[in-house]
file work_39.txt (compact mmCIF, N, CA and C atoms)
# COMPACT_ATOMS: atom_id res chain seq x y z
N MET A 1 -47.05 13.61 -12.29
CA MET A 1 -47.63 13.20 -11.03
C MET A 1 -47.47 14.29 -9.98
N THR A 2 -46.34 14.94 -10.01
CA THR A 2 -46.10 16.03 -9.05
C THR A 2 -47.11 17.14 -9.27
N GLU A 3 -47.32 17.52 -10.53
CA GLU A 3 -48.28 18.58 -10.85
C GLU A 3 -49.69 18.21 -10.37
N GLU A 4 -50.05 16.95 -10.50
CA GLU A 4 -51.37 16.48 -10.06
C GLU A 4 -51.56 16.76 -8.56
N TRP A 5 -50.56 16.44 -7.76
CA TRP A 5 -50.65 16.68 -6.31
C TRP A 5 -50.65 18.17 -6.01
N LEU A 6 -49.81 18.93 -6.71
CA LEU A 6 -49.68 20.36 -6.46
C LEU A 6 -50.98 21.12 -6.71
N GLN A 7 -51.69 20.76 -7.77
CA GLN A 7 -52.92 21.47 -8.13
C GLN A 7 -53.96 21.40 -7.02
N GLY A 8 -54.05 20.30 -6.35
CA GLY A 8 -55.04 20.17 -5.28
C GLY A 8 -54.61 20.78 -3.98
N ASN A 9 -53.41 21.34 -3.92
CA ASN A 9 -52.88 21.83 -2.65
C ASN A 9 -52.35 23.27 -2.70
N ASP A 10 -52.62 24.01 -3.77
CA ASP A 10 -52.20 25.41 -3.91
C ASP A 10 -50.69 25.63 -3.87
N TYR A 11 -49.93 24.59 -4.12
CA TYR A 11 -48.48 24.70 -4.22
C TYR A 11 -48.12 24.86 -5.70
N PHE A 12 -46.89 25.26 -5.97
CA PHE A 12 -46.41 25.28 -7.34
C PHE A 12 -45.01 24.69 -7.38
N LEU A 13 -44.68 24.13 -8.53
CA LEU A 13 -43.39 23.49 -8.74
C LEU A 13 -42.33 24.53 -9.05
N VAL A 14 -41.21 24.43 -8.34
CA VAL A 14 -40.09 25.33 -8.59
C VAL A 14 -39.04 24.63 -9.44
N ASP A 15 -38.72 23.38 -9.09
CA ASP A 15 -37.66 22.68 -9.82
C ASP A 15 -37.72 21.19 -9.53
N ILE A 16 -37.33 20.41 -10.52
CA ILE A 16 -37.08 18.98 -10.35
C ILE A 16 -35.70 18.72 -10.94
N SER A 17 -34.84 18.11 -10.15
CA SER A 17 -33.50 17.82 -10.66
C SER A 17 -33.14 16.36 -10.37
N PHE A 18 -32.31 15.82 -11.24
CA PHE A 18 -31.81 14.46 -11.11
C PHE A 18 -30.31 14.55 -10.94
N SER A 19 -29.80 14.03 -9.84
CA SER A 19 -28.37 14.13 -9.59
C SER A 19 -27.64 12.86 -10.03
N ALA A 20 -26.33 12.97 -10.16
CA ALA A 20 -25.50 11.84 -10.58
C ALA A 20 -25.49 10.73 -9.54
N ASP A 21 -25.81 11.05 -8.29
CA ASP A 21 -25.82 10.02 -7.24
C ASP A 21 -27.22 9.44 -7.02
N ASP A 22 -28.01 9.39 -8.10
CA ASP A 22 -29.33 8.75 -8.11
C ASP A 22 -30.34 9.38 -7.14
N ARG A 23 -30.34 10.70 -7.07
CA ARG A 23 -31.33 11.41 -6.26
C ARG A 23 -32.24 12.21 -7.16
N ILE A 24 -33.52 12.19 -6.82
CA ILE A 24 -34.50 13.06 -7.48
C ILE A 24 -34.88 14.10 -6.44
N VAL A 25 -34.60 15.37 -6.76
CA VAL A 25 -34.89 16.46 -5.82
C VAL A 25 -36.02 17.31 -6.41
N ILE A 26 -37.10 17.42 -5.64
CA ILE A 26 -38.26 18.20 -6.06
C ILE A 26 -38.40 19.39 -5.12
N GLU A 27 -38.41 20.60 -5.69
CA GLU A 27 -38.58 21.82 -4.90
C GLU A 27 -39.96 22.40 -5.19
N ILE A 28 -40.71 22.66 -4.11
CA ILE A 28 -42.05 23.24 -4.24
C ILE A 28 -42.10 24.53 -3.43
N ASP A 29 -43.13 25.34 -3.70
CA ASP A 29 -43.30 26.57 -2.94
C ASP A 29 -44.79 26.87 -2.83
N HIS A 30 -45.12 27.80 -1.96
CA HIS A 30 -46.50 28.20 -1.68
C HIS A 30 -46.46 29.65 -1.23
N ALA A 31 -47.48 30.40 -1.53
CA ALA A 31 -47.52 31.82 -1.15
C ALA A 31 -47.35 32.02 0.35
N ASP A 32 -47.82 31.08 1.16
CA ASP A 32 -47.74 31.20 2.61
C ASP A 32 -46.62 30.38 3.22
N GLY A 33 -45.72 29.87 2.39
CA GLY A 33 -44.62 29.05 2.89
C GLY A 33 -44.92 27.57 2.74
N VAL A 34 -43.91 26.76 2.94
CA VAL A 34 -44.01 25.31 2.76
C VAL A 34 -43.95 24.63 4.12
N TRP A 35 -44.84 23.70 4.34
CA TRP A 35 -44.88 22.94 5.60
C TRP A 35 -44.23 21.58 5.37
N ILE A 36 -43.46 21.14 6.36
CA ILE A 36 -42.77 19.85 6.27
C ILE A 36 -43.77 18.70 6.09
N GLU A 37 -44.94 18.83 6.69
CA GLU A 37 -45.96 17.79 6.56
C GLU A 37 -46.41 17.63 5.11
N ASP A 38 -46.49 18.77 4.40
CA ASP A 38 -46.90 18.72 2.99
C ASP A 38 -45.81 18.11 2.12
N CYS A 39 -44.55 18.38 2.45
CA CYS A 39 -43.44 17.76 1.71
C CYS A 39 -43.49 16.24 1.90
N ALA A 40 -43.74 15.81 3.13
CA ALA A 40 -43.83 14.38 3.42
C ALA A 40 -45.02 13.76 2.69
N GLU A 41 -46.14 14.48 2.64
CA GLU A 41 -47.33 13.97 1.95
C GLU A 41 -47.07 13.80 0.45
N LEU A 42 -46.41 14.79 -0.16
CA LEU A 42 -46.08 14.70 -1.59
C LEU A 42 -45.12 13.53 -1.83
N SER A 43 -44.15 13.37 -0.96
CA SER A 43 -43.20 12.28 -1.09
C SER A 43 -43.91 10.93 -1.04
N ARG A 44 -44.80 10.76 -0.06
CA ARG A 44 -45.57 9.50 0.04
C ARG A 44 -46.43 9.28 -1.20
N PHE A 45 -47.08 10.36 -1.67
CA PHE A 45 -47.92 10.29 -2.87
C PHE A 45 -47.12 9.78 -4.06
N LEU A 46 -45.94 10.35 -4.26
CA LEU A 46 -45.10 9.95 -5.39
C LEU A 46 -44.57 8.52 -5.23
N GLN A 47 -44.18 8.16 -4.02
CA GLN A 47 -43.67 6.81 -3.78
C GLN A 47 -44.75 5.76 -4.03
N GLU A 48 -46.00 6.07 -3.62
CA GLU A 48 -47.11 5.15 -3.86
C GLU A 48 -47.38 5.02 -5.35
N ARG A 49 -47.35 6.13 -6.08
CA ARG A 49 -47.63 6.11 -7.51
C ARG A 49 -46.52 5.44 -8.31
N LEU A 50 -45.27 5.74 -7.94
CA LEU A 50 -44.14 5.21 -8.70
C LEU A 50 -43.81 3.77 -8.33
N GLY A 51 -43.98 3.45 -7.07
CA GLY A 51 -43.71 2.08 -6.62
C GLY A 51 -42.33 1.60 -7.03
N ASP A 52 -42.30 0.46 -7.72
CA ASP A 52 -41.03 -0.15 -8.13
C ASP A 52 -40.29 0.68 -9.19
N GLU A 53 -41.02 1.54 -9.91
CA GLU A 53 -40.38 2.36 -10.94
C GLU A 53 -39.33 3.30 -10.34
N LEU A 54 -39.49 3.62 -9.06
CA LEU A 54 -38.53 4.50 -8.39
C LEU A 54 -37.17 3.83 -8.29
N GLY A 55 -37.19 2.52 -8.22
CA GLY A 55 -35.94 1.74 -8.21
C GLY A 55 -34.97 2.17 -7.15
N ASP A 56 -33.73 2.41 -7.54
CA ASP A 56 -32.68 2.78 -6.60
C ASP A 56 -32.60 4.28 -6.36
N TYR A 57 -33.52 5.04 -6.95
CA TYR A 57 -33.48 6.49 -6.77
C TYR A 57 -33.93 6.87 -5.36
N GLU A 58 -33.29 7.89 -4.82
CA GLU A 58 -33.69 8.47 -3.54
C GLU A 58 -34.52 9.70 -3.86
N LEU A 59 -35.71 9.79 -3.30
CA LEU A 59 -36.62 10.90 -3.57
C LEU A 59 -36.53 11.91 -2.43
N GLU A 60 -36.28 13.18 -2.79
CA GLU A 60 -36.18 14.25 -1.79
C GLU A 60 -37.13 15.36 -2.19
N VAL A 61 -38.07 15.71 -1.29
CA VAL A 61 -39.04 16.77 -1.54
C VAL A 61 -38.82 17.85 -0.50
N GLY A 62 -38.70 19.10 -0.96
CA GLY A 62 -38.48 20.20 -0.03
C GLY A 62 -38.93 21.52 -0.60
N SER A 63 -38.72 22.58 0.19
CA SER A 63 -39.10 23.91 -0.25
C SER A 63 -37.97 24.52 -1.08
N ALA A 64 -38.31 25.57 -1.80
CA ALA A 64 -37.32 26.24 -2.65
C ALA A 64 -36.24 26.92 -1.83
N GLY A 65 -36.51 27.24 -0.61
CA GLY A 65 -35.50 27.83 0.26
C GLY A 65 -35.54 29.35 0.27
N LEU A 66 -35.77 29.90 1.44
CA LEU A 66 -35.79 31.34 1.62
C LEU A 66 -34.40 31.89 1.38
N GLY A 67 -34.28 32.95 0.63
CA GLY A 67 -32.98 33.54 0.36
C GLY A 67 -32.27 32.93 -0.83
N GLN A 68 -32.88 31.94 -1.47
CA GLN A 68 -32.31 31.34 -2.68
C GLN A 68 -32.82 32.11 -3.90
N PRO A 69 -32.06 32.15 -4.98
CA PRO A 69 -32.52 32.84 -6.19
C PRO A 69 -33.86 32.28 -6.69
N PHE A 70 -34.69 33.18 -7.20
CA PHE A 70 -35.97 32.78 -7.78
C PHE A 70 -35.71 31.98 -9.04
N LYS A 71 -36.51 30.94 -9.25
CA LYS A 71 -36.39 30.11 -10.43
C LYS A 71 -37.61 30.19 -11.35
N VAL A 72 -38.77 30.53 -10.78
CA VAL A 72 -40.00 30.59 -11.58
C VAL A 72 -40.74 31.90 -11.28
N ALA A 73 -41.56 32.33 -12.24
CA ALA A 73 -42.26 33.61 -12.14
C ALA A 73 -43.14 33.71 -10.90
N GLN A 74 -43.76 32.61 -10.48
CA GLN A 74 -44.66 32.65 -9.33
C GLN A 74 -43.92 33.08 -8.06
N GLN A 75 -42.63 32.78 -7.97
CA GLN A 75 -41.86 33.22 -6.81
C GLN A 75 -41.77 34.75 -6.77
N TYR A 76 -41.62 35.38 -7.93
CA TYR A 76 -41.61 36.84 -8.00
C TYR A 76 -42.96 37.37 -7.52
N VAL A 77 -44.04 36.81 -8.04
CA VAL A 77 -45.39 37.25 -7.68
C VAL A 77 -45.60 37.16 -6.17
N ASN A 78 -45.15 36.06 -5.56
CA ASN A 78 -45.34 35.87 -4.12
C ASN A 78 -44.59 36.91 -3.29
N HIS A 79 -43.58 37.55 -3.86
CA HIS A 79 -42.77 38.49 -3.08
C HIS A 79 -43.00 39.95 -3.46
N ILE A 80 -44.09 40.23 -4.18
CA ILE A 80 -44.44 41.63 -4.45
C ILE A 80 -44.64 42.35 -3.12
N GLY A 81 -43.99 43.51 -2.98
CA GLY A 81 -44.06 44.27 -1.74
C GLY A 81 -42.89 43.99 -0.80
N ASP A 82 -42.10 42.97 -1.10
CA ASP A 82 -40.94 42.61 -0.28
C ASP A 82 -39.67 43.19 -0.88
N THR A 83 -38.66 43.33 -0.05
CA THR A 83 -37.35 43.77 -0.52
C THR A 83 -36.62 42.59 -1.14
N ILE A 84 -36.10 42.79 -2.35
CA ILE A 84 -35.33 41.74 -3.01
C ILE A 84 -33.97 42.29 -3.42
N GLU A 85 -33.08 41.36 -3.71
CA GLU A 85 -31.76 41.71 -4.21
C GLU A 85 -31.64 41.19 -5.63
N VAL A 86 -31.13 42.03 -6.51
CA VAL A 86 -30.94 41.66 -7.92
C VAL A 86 -29.45 41.78 -8.23
N LEU A 87 -28.90 40.74 -8.84
CA LEU A 87 -27.53 40.82 -9.33
C LEU A 87 -27.62 40.98 -10.83
N GLU A 88 -27.25 42.19 -11.30
CA GLU A 88 -27.32 42.49 -12.72
C GLU A 88 -26.23 41.73 -13.47
N LEU A 89 -26.41 41.57 -14.77
CA LEU A 89 -25.44 40.84 -15.59
C LEU A 89 -24.04 41.44 -15.50
N GLU A 90 -23.97 42.76 -15.28
CA GLU A 90 -22.68 43.44 -15.19
C GLU A 90 -22.02 43.22 -13.84
N GLY A 91 -22.72 42.56 -12.89
CA GLY A 91 -22.15 42.28 -11.58
C GLY A 91 -22.56 43.24 -10.48
N LYS A 92 -23.39 44.23 -10.78
CA LYS A 92 -23.83 45.20 -9.77
C LYS A 92 -25.04 44.64 -9.02
N LYS A 93 -24.98 44.71 -7.67
CA LYS A 93 -26.11 44.30 -6.84
C LYS A 93 -26.99 45.50 -6.56
N VAL A 94 -28.29 45.29 -6.71
CA VAL A 94 -29.28 46.34 -6.47
C VAL A 94 -30.32 45.79 -5.52
N GLN A 95 -30.69 46.58 -4.53
CA GLN A 95 -31.74 46.19 -3.60
C GLN A 95 -32.91 47.14 -3.75
N GLY A 96 -34.11 46.59 -3.71
CA GLY A 96 -35.29 47.42 -3.81
C GLY A 96 -36.54 46.63 -3.49
N VAL A 97 -37.65 47.31 -3.46
CA VAL A 97 -38.93 46.68 -3.18
C VAL A 97 -39.54 46.21 -4.49
N LEU A 98 -39.90 44.94 -4.54
CA LEU A 98 -40.52 44.37 -5.74
C LEU A 98 -41.90 44.99 -5.91
N LYS A 99 -42.05 45.75 -6.98
CA LYS A 99 -43.28 46.53 -7.20
C LYS A 99 -44.30 45.76 -8.03
N SER A 100 -43.83 45.11 -9.11
CA SER A 100 -44.77 44.42 -9.98
C SER A 100 -44.06 43.36 -10.80
N VAL A 101 -44.89 42.45 -11.34
CA VAL A 101 -44.42 41.39 -12.22
C VAL A 101 -45.36 41.40 -13.42
N ASP A 102 -44.76 41.43 -14.62
CA ASP A 102 -45.56 41.46 -15.84
C ASP A 102 -44.96 40.48 -16.83
N GLY A 103 -45.56 39.31 -16.94
CA GLY A 103 -45.02 38.29 -17.84
C GLY A 103 -43.66 37.83 -17.38
N THR A 104 -42.62 38.13 -18.17
CA THR A 104 -41.27 37.72 -17.80
C THR A 104 -40.42 38.90 -17.34
N ASN A 105 -41.09 40.02 -17.01
CA ASN A 105 -40.38 41.20 -16.50
C ASN A 105 -40.85 41.51 -15.08
N PHE A 106 -39.97 42.15 -14.32
CA PHE A 106 -40.34 42.59 -12.98
C PHE A 106 -39.77 43.98 -12.74
N THR A 107 -40.44 44.72 -11.86
CA THR A 107 -40.03 46.08 -11.56
C THR A 107 -39.79 46.22 -10.06
N ILE A 108 -38.65 46.84 -9.71
CA ILE A 108 -38.36 47.14 -8.32
C ILE A 108 -38.23 48.64 -8.14
N THR A 109 -38.54 49.12 -6.95
CA THR A 109 -38.37 50.51 -6.61
C THR A 109 -37.12 50.62 -5.74
N VAL A 110 -36.16 51.41 -6.21
CA VAL A 110 -34.90 51.60 -5.50
C VAL A 110 -34.75 53.06 -5.10
N GLN A 111 -33.87 53.30 -4.14
CA GLN A 111 -33.56 54.66 -3.76
C GLN A 111 -32.19 55.01 -4.33
N GLU A 112 -32.15 56.10 -5.07
CA GLU A 112 -30.90 56.55 -5.68
C GLU A 112 -30.65 58.00 -5.32
N LYS A 113 -29.37 58.33 -5.21
CA LYS A 113 -29.00 59.73 -5.00
C LYS A 113 -28.99 60.43 -6.35
N GLN A 114 -29.68 61.55 -6.42
CA GLN A 114 -29.71 62.33 -7.65
C GLN A 114 -29.49 63.80 -7.33
N LYS A 115 -28.73 64.44 -8.19
CA LYS A 115 -28.48 65.87 -8.05
C LYS A 115 -29.73 66.62 -8.52
N GLN A 116 -30.19 67.54 -7.68
CA GLN A 116 -31.35 68.33 -8.06
C GLN A 116 -30.96 69.80 -8.14
N GLU A 117 -31.55 70.45 -9.11
CA GLU A 117 -31.25 71.86 -9.35
C GLU A 117 -31.55 72.68 -8.09
N GLY A 118 -30.61 73.56 -7.76
CA GLY A 118 -30.80 74.43 -6.61
C GLY A 118 -30.33 73.82 -5.30
N ARG A 119 -29.85 72.60 -5.31
CA ARG A 119 -29.37 71.94 -4.10
C ARG A 119 -27.89 71.62 -4.25
N LYS A 120 -27.16 71.78 -3.17
CA LYS A 120 -25.73 71.51 -3.21
C LYS A 120 -25.44 70.00 -3.18
N ARG A 121 -26.24 69.28 -2.45
CA ARG A 121 -25.99 67.85 -2.29
C ARG A 121 -27.09 67.03 -2.97
N PRO A 122 -26.71 65.84 -3.43
CA PRO A 122 -27.73 64.96 -4.03
C PRO A 122 -28.76 64.54 -2.97
N VAL A 123 -29.96 64.25 -3.42
CA VAL A 123 -31.02 63.80 -2.52
C VAL A 123 -31.46 62.40 -2.94
N LEU A 124 -32.00 61.65 -1.98
CA LEU A 124 -32.51 60.31 -2.28
C LEU A 124 -33.89 60.41 -2.92
N VAL A 125 -34.05 59.75 -4.04
CA VAL A 125 -35.35 59.70 -4.71
C VAL A 125 -35.66 58.25 -5.06
N GLU A 126 -36.94 57.93 -5.12
CA GLU A 126 -37.35 56.58 -5.50
C GLU A 126 -37.42 56.48 -7.02
N VAL A 127 -36.80 55.43 -7.55
CA VAL A 127 -36.75 55.20 -8.99
C VAL A 127 -37.17 53.77 -9.26
N ASP A 128 -38.01 53.57 -10.28
CA ASP A 128 -38.40 52.22 -10.68
C ASP A 128 -37.42 51.69 -11.72
N LYS A 129 -37.00 50.44 -11.53
CA LYS A 129 -36.12 49.78 -12.50
C LYS A 129 -36.82 48.49 -12.93
N THR A 130 -36.88 48.27 -14.23
CA THR A 130 -37.51 47.08 -14.77
C THR A 130 -36.44 46.17 -15.37
N TYR A 131 -36.57 44.89 -15.07
CA TYR A 131 -35.62 43.88 -15.55
C TYR A 131 -36.38 42.72 -16.19
N ALA A 132 -35.73 42.05 -17.11
CA ALA A 132 -36.25 40.77 -17.63
C ALA A 132 -35.76 39.69 -16.67
N MET A 133 -36.61 38.73 -16.35
CA MET A 133 -36.24 37.67 -15.42
C MET A 133 -35.00 36.92 -15.90
N ASP A 134 -34.89 36.73 -17.21
CA ASP A 134 -33.72 36.03 -17.74
C ASP A 134 -32.60 37.01 -18.10
N GLY A 135 -32.75 38.28 -17.73
CA GLY A 135 -31.75 39.29 -18.02
C GLY A 135 -30.94 39.71 -16.80
N VAL A 136 -31.03 38.91 -15.74
CA VAL A 136 -30.25 39.16 -14.52
C VAL A 136 -29.58 37.86 -14.11
N LYS A 137 -28.49 37.97 -13.36
CA LYS A 137 -27.84 36.75 -12.88
C LYS A 137 -28.72 36.06 -11.86
N TYR A 138 -29.33 36.87 -10.97
CA TYR A 138 -30.33 36.31 -10.05
C TYR A 138 -31.13 37.43 -9.43
N ALA A 139 -32.27 37.03 -8.89
CA ALA A 139 -33.10 37.89 -8.04
C ALA A 139 -33.54 36.99 -6.88
N LYS A 140 -33.49 37.52 -5.67
CA LYS A 140 -33.88 36.71 -4.53
C LYS A 140 -34.45 37.58 -3.42
N TYR A 141 -35.26 36.96 -2.59
CA TYR A 141 -35.82 37.62 -1.43
C TYR A 141 -34.68 37.98 -0.50
N LEU A 142 -34.72 39.19 0.04
CA LEU A 142 -33.65 39.65 0.91
C LEU A 142 -34.12 39.55 2.35
N LEU A 143 -33.51 38.67 3.10
CA LEU A 143 -33.83 38.52 4.51
C LEU A 143 -33.29 39.71 5.28
N THR A 144 -34.16 40.35 6.06
CA THR A 144 -33.71 41.47 6.86
C THR A 144 -34.16 41.23 8.30
N PHE A 145 -33.32 41.60 9.22
CA PHE A 145 -33.63 41.45 10.64
C PHE A 145 -33.63 42.83 11.26
N LYS A 146 -34.83 43.40 11.38
CA LYS A 146 -34.95 44.76 11.92
C LYS A 146 -35.67 44.72 13.25
call {"tool": "encode", "arguments": {"input": "work_39.txt", "output": "structure tokens"}}
result
Amino acid sequence: MTEEWLQGNDYFLVDISFSADDRIVIEIDHADGVWIEDCAELSRFLQERLGDELGDYELEVGSAGLGQPFKVAQQYVNHIGDTIEVLELEGKKVQGVLKSVDGTNFTITVQEKQKQEGRKRPVLVEVDKTYAMDGVKYAKYLLTFK
């Protein structure tokens, strides 16, 4: 039912979770951001469709949250050109501009210091790094205030 509503509204599903305290939490996202009115509309849509089947469950509809780790590939696509933070499996954090998304892989452009022949000091160069989405602890949009 959630997918039915999402298709007509250019939103995509990020996550549905069921908590031990009888809550159903639905996270949605959109390329241009999520509006509270749309969350309320989806909630009403689901409550009307489910009716008594909802029972004692509390239904919560919201956005995936800016600055939260990406959960689905579409979130990566929406942030192409933005600065993201990646936590590698080894525990190293890397920041770079999300360059591309290809299937389940993504590429970021980072600046690294590299020693160049004929120079005494290392210089900053742009390097592309490719990761598997399931091969990192997380990747998330990096909020910057400049």
call {"tool": "select_by_dssp", "arguments": {"input": "work_39.txt", "residues": "chain A", "states": "helix (DSSP H, G or I)", "output": "ChimeraX atom specification"}}
result
/A:2-7,36-54,73-78,133-135
call {"tool": "write_last_selection", "arguments": {"input": "work_39.txt", "atoms": "N, CA and C atoms", "output": "mmCIF file, in the coordinates of the input"}}
result
data_model
loop_
_atom_site.group_PDB
_atom_site.id
_atom_site.type_symbol
_atom_site.label_atom_id
_atom_site.label_comp_id
_atom_site.auth_asym_id
_atom_site.auth_seq_id
_atom_site.Cartn_x
_atom_site.Cartn_y
_atom_site.Cartn_z
ATOM 1 N N THR A 2 -46.340 14.940 -10.010
ATOM 2 C CA THR A 2 -46.100 16.030 -9.050
ATOM 3 C C THR A 2 -47.110 17.140 -9.270
ATOM 4 N N GLU A 3 -47.320 17.520 -10.530
ATOM 5 C CA GLU A 3 -48.280 18.580 -10.850
ATOM 6 C C GLU A 3 -49.690 18.210 -10.370
ATOM 7 N N GLU A 4 -50.050 16.950 -10.500
ATOM 8 C CA GLU A 4 -51.370 16.480 -10.060
ATOM 9 C C GLU A 4 -51.560 16.760 -8.560
ATOM 10 N N TRP A 5 -50.560 16.440 -7.760
ATOM 11 C CA TRP A 5 -50.650 16.680 -6.310
ATOM 12 C C TRP A 5 -50.650 18.170 -6.010
ATOM 13 N N LEU A 6 -49.810 18.930 -6.710
ATOM 14 C CA LEU A 6 -49.680 20.360 -6.460
ATOM 15 C C LEU A 6 -50.980 21.120 -6.710
ATOM 16 N N GLN A 7 -51.690 20.760 -7.770
ATOM 17 C CA GLN A 7 -52.920 21.470 -8.130
ATOM 18 C C GLN A 7 -53.960 21.400 -7.020
ATOM 19 N N ILE A 36 -43.460 21.140 6.360
ATOM 20 C CA ILE A 36 -42.770 19.850 6.270
ATOM 21 C C ILE A 36 -43.770 18.700 6.090
ATOM 22 N N GLU A 37 -44.940 18.830 6.690
ATOM 23 C CA GLU A 37 -45.960 17.790 6.560
ATOM 24 C C GLU A 37 -46.410 17.630 5.110
ATOM 25 N N ASP A 38 -46.490 18.770 4.400
ATOM 26 C CA ASP A 38 -46.900 18.720 2.990
ATOM 27 C C ASP A 38 -45.810 18.110 2.120
ATOM 28 N N CYS A 39 -44.550 18.380 2.450
ATOM 29 C CA CYS A 39 -43.440 17.760 1.710
ATOM 30 C C CYS A 39 -43.490 16.240 1.900
ATOM 31 N N ALA A 40 -43.740 15.810 3.130
ATOM 32 C CA ALA A 40 -43.830 14.380 3.420
ATOM 33 C C ALA A 40 -45.020 13.760 2.690
ATOM 34 N N GLU A 41 -46.140 14.480 2.640
ATOM 35 C CA GLU A 41 -47.330 13.970 1.950
ATOM 36 C C GLU A 41 -47.070 13.800 0.450
ATOM 37 N N LEU A 42 -46.410 14.790 -0.160
ATOM 38 C CA LEU A 42 -46.080 14.700 -1.590
ATOM 39 C C LEU A 42 -45.120 13.530 -1.830
ATOM 40 N N SER A 43 -44.150 13.370 -0.960
ATOM 41 C CA SER A 43 -43.200 12.280 -1.090
ATOM 42 C C SER A 43 -43.910 10.930 -1.040
ATOM 43 N N ARG A 44 -44.800 10.760 -0.060
ATOM 44 C CA ARG A 44 -45.570 9.500 0.040
ATOM 45 C C ARG A 44 -46.430 9.280 -1.200
ATOM 46 N N PHE A 45 -47.080 10.360 -1.670
ATOM 47 C CA PHE A 45 -47.920 10.290 -2.870
ATOM 48 C C PHE A 45 -47.120 9.780 -4.060
ATOM 49 N N LEU A 46 -45.940 10.350 -4.260
ATOM 50 C CA LEU A 46 -45.100 9.950 -5.390
ATOM 51 C C LEU A 46 -44.570 8.520 -5.230
ATOM 52 N N GLN A 47 -44.180 8.160 -4.020
ATOM 53 C CA GLN A 47 -43.670 6.810 -3.780
ATOM 54 C C GLN A 47 -44.750 5.760 -4.030
ATOM 55 N N GLU A 48 -46.000 6.070 -3.620
ATOM 56 C CA GLU A 48 -47.110 5.150 -3.860
ATOM 57 C C GLU A 48 -47.380 5.020 -5.350
ATOM 58 N N ARG A 49 -47.350 6.130 -6.080
ATOM 59 C CA ARG A 49 -47.630 6.110 -7.510
ATOM 60 C C ARG A 49 -46.520 5.440 -8.310
ATOM 61 N N LEU A 50 -45.270 5.740 -7.940
ATOM 62 C CA LEU A 50 -44.140 5.210 -8.700
ATOM 63 C C LEU A 50 -43.810 3.770 -8.330
ATOM 64 N N GLY A 51 -43.980 3.450 -7.070
ATOM 65 C CA GLY A 51 -43.710 2.080 -6.620
ATOM 66 C C GLY A 51 -42.330 1.600 -7.030
ATOM 67 N N ASP A 52 -42.300 0.460 -7.720
ATOM 68 C CA ASP A 52 -41.030 -0.150 -8.130
ATOM 69 C C ASP A 52 -40.290 0.680 -9.190
ATOM 70 N N GLU A 53 -41.020 1.540 -9.910
ATOM 71 C CA GLU A 53 -40.380 2.360 -10.940
ATOM 72 C C GLU A 53 -39.330 3.300 -10.340
ATOM 73 N N LEU A 54 -39.490 3.620 -9.060
ATOM 74 C CA LEU A 54 -38.530 4.500 -8.390
ATOM 75 C C LEU A 54 -37.170 3.830 -8.290
ATOM 76 N N ALA A 73 -41.560 32.330 -12.240
ATOM 77 C CA ALA A 73 -42.260 33.610 -12.140
ATOM 78 C C ALA A 73 -43.140 33.710 -10.900
ATOM 79 N N GLN A 74 -43.760 32.610 -10.480
ATOM 80 C CA GLN A 74 -44.660 32.650 -9.330
ATOM 81 C C GLN A 74 -43.920 33.080 -8.060
ATOM 82 N N GLN A 75 -42.630 32.780 -7.970
ATOM 83 C CA GLN A 75 -41.860 33.220 -6.810
ATOM 84 C C GLN A 75 -41.770 34.750 -6.770
ATOM 85 N N TYR A 76 -41.620 35.380 -7.930
ATOM 86 C CA TYR A 76 -41.610 36.840 -8.000
ATOM 87 C C TYR A 76 -42.960 37.370 -7.520
ATOM 88 N N VAL A 77 -44.040 36.810 -8.040
ATOM 89 C CA VAL A 77 -45.390 37.250 -7.680
ATOM 90 C C VAL A 77 -45.600 37.160 -6.170
ATOM 91 N N ASN A 78 -45.150 36.060 -5.560
ATOM 92 C CA ASN A 78 -45.340 35.870 -4.120
ATOM 93 C C ASN A 78 -44.590 36.910 -3.290
ATOM 94 N N MET A 133 -36.610 38.730 -16.350
ATOM 95 C CA MET A 133 -36.240 37.670 -15.420
ATOM 96 C C MET A 133 -35.000 36.920 -15.900
ATOM 97 N N ASP A 134 -34.890 36.730 -17.210
ATOM 98 C CA ASP A 134 -33.720 36.030 -17.740
ATOM 99 C C ASP A 134 -32.600 37.010 -18.100
ATOM 100 N N GLY A 135 -32.750 38.280 -17.730
ATOM 101 C CA GLY A 135 -31.750 39.290 -18.020
ATOM 102 C C GLY A 135 -30.940 39.710 -16.800
#
call {"tool": "residues_near_point", "arguments": {"input": "work_39.txt", "point": "(-47.9, 42.4, -4.5)", "cutoff": "8 Å", "atoms": "all atoms listed in the file", "output": "list in words"}}
result
Tyr76, Val77, Asn78, His79, Ile80, Gly81, Asp82, Leu98, Lys99, Ser100 and Val101 of chain A
call {"tool": "residues_around", "arguments": {"input": "work_39.txt", "residues": "Ser17 (chain A)", "least_positions_apart": "6", "cutoff": "8 Å", "atoms": "all atoms listed in the file", "output": "list in words"}}
result
Arg23, Ile24, Val25, Ile26 and Glu27 of chain A
call {"tool": "closest_residue", "arguments": {"input": "work_39.txt", "among": "A:Gln75, A:Trp5, A:Thr104, A:Asp15", "to": "Leu42 (chain A)", "atoms": "all atoms listed in the file"}}
result
A:Trp5
call {"tool": "closest_residue", "arguments": {"input": "work_39.txt", "among": "A:Gln74, A:Leu50, A:Glu58, A:Phe106", "to": "Ala31 (chain A)", "atoms": "only N, CA and C atoms"}}
result
A:Gln74
call {"tool": "select_by_dssp", "arguments": {"input": "work_39.txt", "residues": "chain A", "states": "strand (DSSP E or B)", "output": "PyMOL selection string"}}
result
chain A and resi 12-18+23-29+58-63+69+83-88+93-102+105-114+123-132+136-141
call {"tool": "atom_distance", "arguments": {"input": "work_39.txt", "atom1": "atom C of Asn9 (chain A)", "atom2": "atom C of Thr107 (chain A)"}}
result
27.2 Å
call {"tool": "residues_near_point", "arguments": {"input": "work_39.txt", "point": "(-26.8, 41.1, -3.6)", "cutoff": "12 Å", "atoms": "only C-alpha atoms", "output": "list in words"}}
result
Gly67, Gln68, Pro69, Thr83, Ile84, Glu85, Val86, Leu87, Glu88, Gly91, Lys92, Lys93, Val94, Gln95, Gly96, Val136, Lys137, Tyr138, Ala139, Lys140, Tyr141, Leu142 and Leu143 of chain A
